[in-house]
Amino acid sequence: IKVEWIKRSDLIKRKKINKKLEFLKEKEIFINSAWKKAKVYKVGVGEVKGPALILQDTSTILLDEASEAKINEYGDVEILVNSLEMKTLN
């Protein structure tokens, strides 16, 4: 298979979102073997530190307490995943 890129398509129009990240509420979630308070946000431009839930029209993103997310003006979500110290359960 040969793939060649000629030019960017003008058919796909990306819409900018004209709203900032919206805090909705706090919710108890069970993550990494413990109950944690997580902030719940509706998607918009901004940055979020976990634990958090980011609600989109067609999906929900769960961030653990070591992760962070940046959302740009097009609604693209970039997630930085940091490592957590894991505990072994007996």
# chains A, B, ... in the order shown; residues from 1 in each chain; ligands from 1
call {"tool": "closest_atom_pairs", "arguments": {"of": "region 27-88 of chain A", "to": "region 9-23 of chain A", "cutoff": "8 Å", "atoms": "only C-alpha atoms", "output": "Markdown table"}}
result
| residue | atom | partner | partner_atom | distance |
| --- | --- | --- | --- | --- |
| A:Lys39 | CA | A:Phe23 | CA | 7.3 |
| A:Val40 | CA | A:Phe23 | CA | 6.1 |
| A:Tyr41 | CA | A:Phe23 | CA | 4.5 |
| A:Lys42 | CA | A:Glu22 | CA | 5.1 |
| A:Val43 | CA | A:Leu21 | CA | 5.4 |
| A:Gly44 | CA | A:Leu21 | CA | 3.8 |
| A:Val45 | CA | A:Lys20 | CA | 4.6 |
| A:Gly46 | CA | A:Leu21 | CA | 5.4 |
| A:Glu47 | CA | A:Leu21 | CA | 7.8 |
| A:Glu73 | CA | A:Lys16 | CA | 5.4 |
| A:Tyr74 | CA | A:Lys16 | CA | 4.6 |
| A:Gly75 | CA | A:Ile17 | CA | 6.5 |
call {"tool": "residues_around", "arguments": {"residues": "Lys37 (chain A)", "least_positions_apart": "5", "cutoff": "7 Å", "atoms": "only C-alpha atoms", "output": "NGL selection string"}}
result
:A and (26-29)
call {"tool": "write_last_selection", "arguments": {"atoms": "C-alpha atoms", "output": "CSV table (one decimal), in the first residue's frame"}}
result
chain,number,residue,atom,x,y,z
A,26,GLU,CA,-17.6,17.0,43.2
A,27,LYS,CA,-18.3,13.3,43.1
A,28,GLU,CA,-17.0,10.3,45.1
A,29,ILE,CA,-15.3,7.8,42.8
call {"tool": "closest_residue", "arguments": {"among": "A:Thr58, A:Val48, A:Val81, A:Asp64", "to": "Phe30 (chain A)", "atoms": "only C-alpha atoms"}}
result
A:Asp64
call {"tool": "residues_around", "arguments": {"residues": "Gly50 (chain A)", "least_positions_apart": "4", "cutoff": "7 Å", "atoms": "only C-alpha atoms", "output": "PyMOL selection string"}}
result
chain A and resi 63-68
call {"tool": "write_last_selection", "arguments": {"atoms": "C-alpha atoms", "output": "PDB file, in the first residue's frame"}}
result
ATOM      1  CA  LEU A  63      -8.143  11.225  35.262  1.00  0.00           C
ATOM      2  CA  ASP A  64      -6.480   9.563  38.241  1.00  0.00           C
ATOM      3  CA  GLU A  65      -4.836  11.647  40.943  1.00  0.00           C
ATOM      4  CA  ALA A  66      -1.446  11.671  39.175  1.00  0.00           C
ATOM      5  CA  SER A  67      -2.752  12.752  35.754  1.00  0.00           C
ATOM      6  CA  GLU A  68      -3.376  16.149  34.195  1.00  0.00           C
TER       7      GLU A  68
END
call {"tool": "select_by_dssp", "arguments": {"residues": "chain A", "states": "strand (DSSP E)", "output": "JSON, numbers by chain"}}
result
{"A": [22, 23, 24, 25, 26, 27, 28, 29, 30, 31, 34, 35, 36, 37, 38, 39, 40, 41, 42, 46, 47, 48, 49, 52, 53, 54, 55, 60, 61, 62, 63, 67, 68, 69, 70, 71, 77, 78, 79, 80, 81]}
call {"tool": "closest_residue", "arguments": {"among": "A:Ala38, A:Ile31, A:Glu78, A:Ile71", "to": "Ala52 (chain A)", "atoms": "only C-alpha atoms"}}
result
A:Ala38
call {"tool": "atom_distance", "arguments": {"atom1": "CA of Trp35 (chain A)", "atom2": "CA of Gln56 (chain A)"}}
result
23.4 Å
